[in-house]
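A.B. asks: File follows, data34.txt with compact mmCIF, N, CA and C atoms and all ligand atoms:
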# COMPACT_ATOMS: atom_id res chain seq x y z
N MET K 39 34.70 117.42 54.08
CA MET K 39 35.82 116.56 53.65
C MET K 39 37.00 116.71 54.61
N MET K 40 37.59 115.59 54.94
CA MET K 40 38.74 115.62 55.85
C MET K 40 39.97 116.17 55.13
N PRO K 41 40.71 117.04 55.80
CA PRO K 41 41.97 117.49 55.17
C PRO K 41 42.92 116.31 55.01
N MET K 42 43.68 116.34 53.91
CA MET K 42 44.57 115.21 53.65
C MET K 42 45.70 115.14 54.68
N PHE K 43 46.17 116.31 55.09
CA PHE K 43 47.24 116.33 56.10
C PHE K 43 46.81 117.18 57.29
N PRO K 44 46.05 116.58 58.21
CA PRO K 44 45.58 117.37 59.35
C PRO K 44 46.75 117.90 60.18
N GLU K 45 46.53 119.06 60.79
CA GLU K 45 47.56 119.60 61.68
C GLU K 45 47.91 118.56 62.73
N PRO K 46 49.19 118.29 62.94
CA PRO K 46 49.52 117.31 63.97
C PRO K 46 49.17 117.84 65.36
N GLU K 47 48.77 116.95 66.21
CA GLU K 47 48.58 117.31 67.61
C GLU K 47 49.97 117.54 68.20
N GLN K 48 50.01 117.86 69.49
CA GLN K 48 51.30 118.01 70.15
C GLN K 48 52.06 116.69 70.03
N THR K 49 53.34 116.79 69.80
CA THR K 49 54.18 115.61 69.67
C THR K 49 54.15 114.82 70.98
N PRO K 50 54.01 113.50 70.90
CA PRO K 50 54.02 112.72 72.14
C PRO K 50 55.33 112.92 72.91
N VAL K 51 55.22 112.97 74.21
CA VAL K 51 56.40 113.21 75.04
C VAL K 51 57.15 111.90 75.24
N VAL K 52 58.39 111.89 74.80
CA VAL K 52 59.26 110.72 75.00
C VAL K 52 60.53 111.19 75.71
N LEU K 53 61.52 110.32 75.81
CA LEU K 53 62.74 110.67 76.53
C LEU K 53 63.90 110.86 75.56
N SER K 54 64.77 111.81 75.86
CA SER K 54 65.91 112.09 75.00
C SER K 54 67.04 111.09 75.26
N ARG K 55 67.94 110.99 74.29
CA ARG K 55 69.14 110.18 74.50
C ARG K 55 70.10 110.90 75.44
N HIS K 56 70.06 112.22 75.38
CA HIS K 56 71.04 113.04 76.10
C HIS K 56 71.11 112.73 77.60
N PHE K 57 69.96 112.52 78.21
CA PHE K 57 69.92 112.36 79.67
C PHE K 57 69.88 110.91 80.12
N GLN K 58 70.12 110.00 79.20
CA GLN K 58 69.99 108.58 79.50
C GLN K 58 70.72 108.15 80.79
N SER K 59 71.96 108.58 80.95
CA SER K 59 72.71 108.12 82.13
C SER K 59 72.30 108.88 83.39
N LEU K 60 72.02 110.16 83.25
CA LEU K 60 71.62 110.97 84.42
C LEU K 60 70.30 110.47 85.02
N ARG K 61 69.44 109.98 84.14
CA ARG K 61 68.11 109.56 84.56
C ARG K 61 68.13 108.44 85.59
N SER K 62 69.17 107.61 85.55
CA SER K 62 69.19 106.44 86.43
C SER K 62 69.94 106.68 87.73
N THR K 63 70.35 107.92 88.01
CA THR K 63 71.05 108.17 89.28
C THR K 63 70.05 108.05 90.43
N PRO K 64 70.39 107.24 91.42
CA PRO K 64 69.43 106.93 92.48
C PRO K 64 69.33 108.00 93.58
N ASP K 65 70.25 108.97 93.58
CA ASP K 65 70.30 109.91 94.71
C ASP K 65 69.47 111.17 94.49
N ALA K 66 68.60 111.15 93.52
CA ALA K 66 67.91 112.38 93.13
C ALA K 66 66.83 112.81 94.13
N THR K 67 66.71 114.13 94.25
CA THR K 67 65.59 114.69 95.01
C THR K 67 64.81 115.61 94.08
N TRP K 68 63.52 115.72 94.34
CA TRP K 68 62.63 116.49 93.48
C TRP K 68 62.05 117.67 94.24
N LYS K 69 61.88 118.76 93.50
CA LYS K 69 61.30 119.95 94.10
C LYS K 69 60.37 120.58 93.07
N LYS K 70 59.19 120.94 93.51
CA LYS K 70 58.22 121.58 92.61
C LYS K 70 58.70 123.00 92.31
N ARG K 71 58.67 123.39 91.03
CA ARG K 71 59.11 124.73 90.65
C ARG K 71 58.03 125.45 89.87
N SER K 72 57.96 126.74 90.08
CA SER K 72 57.02 127.55 89.31
C SER K 72 57.67 128.91 89.09
N TYR K 73 57.96 129.21 87.84
CA TYR K 73 58.62 130.48 87.52
C TYR K 73 57.62 131.47 86.93
N ARG K 74 57.83 132.72 87.25
CA ARG K 74 56.96 133.76 86.72
C ARG K 74 57.14 133.89 85.20
N ALA K 75 58.39 133.93 84.77
CA ALA K 75 58.67 133.98 83.33
C ALA K 75 58.79 132.56 82.79
N PHE K 76 58.58 132.41 81.49
CA PHE K 76 58.67 131.07 80.88
C PHE K 76 60.08 130.51 80.98
N ARG K 77 60.16 129.28 81.46
CA ARG K 77 61.42 128.55 81.42
C ARG K 77 61.12 127.19 80.81
N GLY K 78 61.87 126.84 79.77
CA GLY K 78 61.58 125.61 79.05
C GLY K 78 62.23 124.40 79.70
N CYS K 79 61.56 123.28 79.60
CA CYS K 79 62.03 122.00 80.13
C CYS K 79 63.35 121.59 79.43
N ASP K 80 64.31 121.12 80.22
CA ASP K 80 65.61 120.70 79.67
C ASP K 80 65.46 119.49 78.75
N GLU K 81 64.62 118.56 79.15
CA GLU K 81 64.43 117.35 78.35
C GLU K 81 63.74 117.69 77.03
N CYS K 82 62.76 118.57 77.06
CA CYS K 82 62.11 119.02 75.82
C CYS K 82 63.14 119.66 74.89
N TYR K 83 64.05 120.43 75.46
CA TYR K 83 65.10 121.08 74.66
C TYR K 83 65.92 120.03 73.91
N TRP K 84 66.36 118.99 74.61
CA TRP K 84 67.20 117.98 73.97
C TRP K 84 66.43 117.15 72.95
N LEU K 85 65.15 116.90 73.24
CA LEU K 85 64.31 116.19 72.27
C LEU K 85 64.16 116.99 70.99
N GLN K 86 63.96 118.28 71.17
CA GLN K 86 63.83 119.15 70.01
C GLN K 86 65.11 119.09 69.17
N HIS K 87 66.24 119.11 69.86
CA HIS K 87 67.54 119.04 69.20
C HIS K 87 67.72 117.70 68.50
N GLU K 88 67.42 116.61 69.19
CA GLU K 88 67.65 115.27 68.65
C GLU K 88 66.70 114.92 67.52
N THR K 89 65.52 115.55 67.48
CA THR K 89 64.56 115.27 66.41
C THR K 89 64.58 116.36 65.33
N ASP K 90 65.61 117.17 65.31
CA ASP K 90 65.72 118.27 64.35
C ASP K 90 64.48 119.16 64.34
N GLY K 91 63.94 119.41 65.51
CA GLY K 91 62.83 120.34 65.63
C GLY K 91 61.46 119.71 65.51
N ALA K 92 61.40 118.39 65.27
CA ALA K 92 60.09 117.75 65.11
C ALA K 92 59.34 117.71 66.43
N PHE K 93 60.07 117.63 67.54
CA PHE K 93 59.40 117.62 68.83
C PHE K 93 59.05 119.05 69.21
N HIS K 94 57.79 119.29 69.54
CA HIS K 94 57.36 120.61 69.95
C HIS K 94 56.04 120.50 70.67
N PRO K 95 55.59 121.46 71.42
CA PRO K 95 56.40 122.61 71.82
C PRO K 95 57.26 122.26 73.02
N ARG K 96 58.21 123.14 73.31
CA ARG K 96 59.00 122.98 74.53
C ARG K 96 58.12 123.40 75.70
N ARG K 97 57.89 122.48 76.62
CA ARG K 97 56.95 122.74 77.71
C ARG K 97 57.61 123.48 78.86
N LYS K 98 56.76 124.03 79.73
CA LYS K 98 57.34 124.85 80.80
C LYS K 98 57.75 124.00 82.01
N VAL K 99 58.77 124.50 82.69
CA VAL K 99 59.32 123.80 83.85
C VAL K 99 58.29 123.71 84.97
N ALA K 100 58.18 122.52 85.55
CA ALA K 100 57.30 122.33 86.70
C ALA K 100 58.04 121.68 87.86
N TRP K 101 59.14 121.00 87.56
CA TRP K 101 59.90 120.28 88.57
C TRP K 101 61.39 120.49 88.39
N GLN K 102 62.08 120.50 89.52
CA GLN K 102 63.54 120.51 89.48
C GLN K 102 64.00 119.19 90.10
N ARG K 103 64.91 118.55 89.42
CA ARG K 103 65.45 117.28 89.91
C ARG K 103 66.93 117.48 90.19
N MET K 104 67.31 117.24 91.42
CA MET K 104 68.69 117.45 91.82
C MET K 104 69.37 116.13 92.13
N ALA K 105 70.55 115.97 91.54
CA ALA K 105 71.37 114.78 91.81
C ALA K 105 72.82 115.24 91.78
N VAL K 106 73.70 114.43 92.37
CA VAL K 106 75.12 114.78 92.37
C VAL K 106 75.61 114.94 90.93
N ALA K 107 75.13 114.09 90.05
CA ALA K 107 75.56 114.11 88.65
C ALA K 107 75.05 115.32 87.87
N GLY K 108 74.05 116.01 88.41
CA GLY K 108 73.54 117.18 87.70
C GLY K 108 72.11 117.50 88.06
N THR K 109 71.77 118.77 87.86
CA THR K 109 70.40 119.23 88.13
C THR K 109 69.71 119.51 86.81
N VAL K 110 68.48 119.06 86.69
CA VAL K 110 67.69 119.37 85.50
C VAL K 110 66.34 119.94 85.92
N GLU K 111 65.76 120.74 85.03
CA GLU K 111 64.43 121.27 85.25
C GLU K 111 63.51 120.68 84.19
N LEU K 112 62.41 120.10 84.65
CA LEU K 112 61.56 119.32 83.75
C LEU K 112 60.11 119.77 83.79
N CYS K 113 59.42 119.54 82.68
CA CYS K 113 57.99 119.79 82.61
C CYS K 113 57.25 118.67 83.34
N THR K 114 55.96 118.83 83.51
CA THR K 114 55.16 117.83 84.22
C THR K 114 55.27 116.45 83.58
N GLU K 115 55.15 116.41 82.25
CA GLU K 115 55.17 115.14 81.54
C GLU K 115 56.52 114.44 81.67
N HIS K 116 57.59 115.21 81.53
CA HIS K 116 58.91 114.59 81.61
C HIS K 116 59.25 114.18 83.04
N ALA K 117 58.83 114.95 84.02
CA ALA K 117 59.05 114.56 85.41
C ALA K 117 58.39 113.22 85.69
N ARG K 118 57.19 113.05 85.16
CA ARG K 118 56.46 111.78 85.35
C ARG K 118 57.22 110.62 84.69
N LEU K 119 57.70 110.83 83.47
CA LEU K 119 58.44 109.77 82.77
C LEU K 119 59.75 109.44 83.48
N TRP K 120 60.43 110.47 83.98
CA TRP K 120 61.68 110.23 84.70
C TRP K 120 61.43 109.43 85.97
N LYS K 121 60.36 109.80 86.69
CA LYS K 121 60.05 109.09 87.93
C LYS K 121 59.69 107.64 87.64
N GLU K 122 58.98 107.42 86.54
CA GLU K 122 58.61 106.05 86.16
C GLU K 122 59.80 105.25 85.69
N SER K 123 60.82 105.91 85.13
CA SER K 123 61.93 105.17 84.51
C SER K 123 63.03 104.81 85.52
N THR K 124 62.89 105.23 86.77
CA THR K 124 63.93 104.87 87.76
C THR K 124 63.42 103.87 88.78
ZN ZN H 1 59.69 118.32 78.91
If you convert what's in this file into structure tokens, what do you get?

C.D. replies:
Amino acid sequence: MMPMFPEPEQTPVVLSRHFQSLRSTPDATWKKRSYRAFRGCDECYWLQHETDGAFHPRRKVAWQRMAVAGTVELCTEHARLWKEST
């Protein structure tokens, strides 16, 4: 018998409201990052905040995006979405 409320899979990765304006800055450069200790994606952090914790888990940083307006560190999924959205 199927459970009535199956464990949810990982929450689909979407974009936060927080970085909406930063995302469209055209001067950005990207750099691959790999940290020995866990570092959580900035966009995942804001999604978690904006969804009152419904978004999870916070994924690990894979990319650093540098722009005059600000630097963010993003997971693989969010880096892909950011690149697609500009
Ligand atoms: Zn992320």

A.B. asks: Per residue of chain K within 7 Å of ligand ZN 1 (chain H), note the shortest atom pair and the distance in Å to one decimal, counting all atoms listed in the file, and order the rows by chain and increasing residue number, as a Markdown table.

C.D. replies:
| residue | atom | partner | partner_atom | distance |
| --- | --- | --- | --- | --- |
| K:Gly78 | C | H:ZN1 | ZN | 6.6 |
| K:Cys79 | CA | H:ZN1 | ZN | 4.5 |
| K:Asp80 | N | H:ZN1 | ZN | 5.6 |
| K:Glu81 | C | H:ZN1 | ZN | 4.5 |
| K:Cys82 | N | H:ZN1 | ZN | 3.6 |
| K:Tyr83 | N | H:ZN1 | ZN | 5.9 |
| K:Arg96 | C | H:ZN1 | ZN | 6.2 |
| K:Arg97 | N | H:ZN1 | ZN | 5.1 |
| K:Lys98 | N | H:ZN1 | ZN | 6.5 |
| K:Glu111 | C | H:ZN1 | ZN | 6.9 |
| K:Leu112 | C | H:ZN1 | ZN | 5.1 |
| K:Cys113 | N | H:ZN1 | ZN | 4.0 |
| K:Thr114 | N | H:ZN1 | ZN | 5.9 |
| K:Glu115 | C | H:ZN1 | ZN | 5.7 |
| K:His116 | N | H:ZN1 | ZN | 4.6 |
| K:Ala117 | N | H:ZN1 | ZN | 6.2 |

A.B. asks: Check the smallest atom-to-atom distance from each of K:Met42, K:Glu122, K:Val99, K:Thr109 to Arg71 (chain K) using all atoms listed in the file, then report the winner.

C.D. replies: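 With all atoms listed in the file as the atom set, the closest residue is K:Val99.
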
A.B. asks: Just list the residues in chain K DSSP gives strand (DSSP E or B) on the backbone, as a list of chain:residue names.

C.D. replies: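 Filtering chain K to strand (DSSP E or B) leaves K:Thr67, K:Trp68, K:Lys69, K:Lys70, K:Gly78, K:Lys98, K:Trp101, K:Gln102, K:Arg103, K:Met104, K:Ala105, K:Gly108, K:Thr109, K:Val110, K:Glu111, K:Leu112.
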
A.B. asks: For the selection just defined, write its residues with N, CA and C atoms to a file, as a PDB file, keeping the file's coordinate frame.

C.D. replies:
ATOM      1  N   THR K  67      66.710 114.130  94.250  1.00  0.00           N
ATOM      2  CA  THR K  67      65.590 114.690  95.010  1.00  0.00           C
ATOM      3  C   THR K  67      64.810 115.610  94.080  1.00  0.00           C
ATOM      4  N   TRP K  68      63.520 115.720  94.340  1.00  0.00           N
ATOM      5  CA  TRP K  68      62.630 116.490  93.480  1.00  0.00           C
ATOM      6  C   TRP K  68      62.050 117.670  94.240  1.00  0.00           C
ATOM      7  N   LYS K  69      61.880 118.760  93.500  1.00  0.00           N
ATOM      8  CA  LYS K  69      61.300 119.950  94.100  1.00  0.00           C
ATOM      9  C   LYS K  69      60.370 120.580  93.070  1.00  0.00           C
ATOM     10  N   LYS K  70      59.190 120.940  93.510  1.00  0.00           N
ATOM     11  CA  LYS K  70      58.220 121.580  92.610  1.00  0.00           C
ATOM     12  C   LYS K  70      58.700 123.000  92.310  1.00  0.00           C
ATOM     13  N   GLY K  78      61.870 126.840  79.770  1.00  0.00           N
ATOM     14  CA  GLY K  78      61.580 125.610  79.050  1.00  0.00           C
ATOM     15  C   GLY K  78      62.230 124.400  79.700  1.00  0.00           C
ATOM     16  N   LYS K  98      56.760 124.030  79.730  1.00  0.00           N
ATOM     17  CA  LYS K  98      57.340 124.850  80.800  1.00  0.00           C
ATOM     18  C   LYS K  98      57.750 124.000  82.010  1.00  0.00           C
ATOM     19  N   TRP K 101      59.140 121.000  87.560  1.00  0.00           N
ATOM     20  CA  TRP K 101      59.900 120.280  88.570  1.00  0.00           C
ATOM     21  C   TRP K 101      61.390 120.490  88.390  1.00  0.00           C
ATOM     22  N   GLN K 102      62.080 120.500  89.520  1.00  0.00           N
ATOM     23  CA  GLN K 102      63.540 120.510  89.480  1.00  0.00           C
ATOM     24  C   GLN K 102      64.000 119.190  90.100  1.00  0.00           C
ATOM     25  N   ARG K 103      64.910 118.550  89.420  1.00  0.00           N
ATOM     26  CA  ARG K 103      65.450 117.280  89.910  1.00  0.00           C
ATOM     27  C   ARG K 103      66.930 117.480  90.190  1.00  0.00           C
ATOM     28  N   MET K 104      67.310 117.240  91.420  1.00  0.00           N
ATOM     29  CA  MET K 104      68.690 117.450  91.820  1.00  0.00           C
ATOM     30  C   MET K 104      69.370 116.130  92.130  1.00  0.00           C
ATOM     31  N   ALA K 105      70.550 115.970  91.540  1.00  0.00           N
ATOM     32  CA  ALA K 105      71.370 114.780  91.810  1.00  0.00           C
ATOM     33  C   ALA K 105      72.820 115.240  91.780  1.00  0.00           C
ATOM     34  N   GLY K 108      74.050 116.010  88.410  1.00  0.00           N
ATOM     35  CA  GLY K 108      73.540 117.180  87.700  1.00  0.00           C
ATOM     36  C   GLY K 108      72.110 117.500  88.060  1.00  0.00           C
ATOM     37  N   THR K 109      71.770 118.770  87.860  1.00  0.00           N
ATOM     38  CA  THR K 109      70.400 119.230  88.130  1.00  0.00           C
ATOM     39  C   THR K 109      69.710 119.510  86.810  1.00  0.00           C
ATOM     40  N   VAL K 110      68.480 119.060  86.690  1.00  0.00           N
ATOM     41  CA  VAL K 110      67.690 119.370  85.500  1.00  0.00           C
ATOM     42  C   VAL K 110      66.340 119.940  85.920  1.00  0.00           C
ATOM     43  N   GLU K 111      65.760 120.740  85.030  1.00  0.00           N
ATOM     44  CA  GLU K 111      64.430 121.270  85.250  1.00  0.00           C
ATOM     45  C   GLU K 111      63.510 120.680  84.190  1.00  0.00           C
ATOM     46  N   LEU K 112      62.410 120.100  84.650  1.00  0.00           N
ATOM     47  CA  LEU K 112      61.560 119.320  83.750  1.00  0.00           C
ATOM     48  C   LEU K 112      60.110 119.770  83.790  1.00  0.00           C
TER      49      LEU K 112
END

A.B. asks: So the first atom is atom N of Glu88 (chain K) and the second is atom N of Gly108 (chain K); what is the distance between them in Å, to one decimal place?

C.D. replies: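 Atom N of Glu88 (chain K) sits 20.3 Å away from atom N of Gly108 (chain K).
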
A.B. asks: Find the residues near region 105-107 of chain K: any atom within 6 Å, counting all atoms listed in the file, skip ones fewer than 6 places away on the same chain, and give them as a list in words.

C.D. replies: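 Counting all atoms listed in the file, the residues come to Asp65, Ala66 and Thr67 of chain K.
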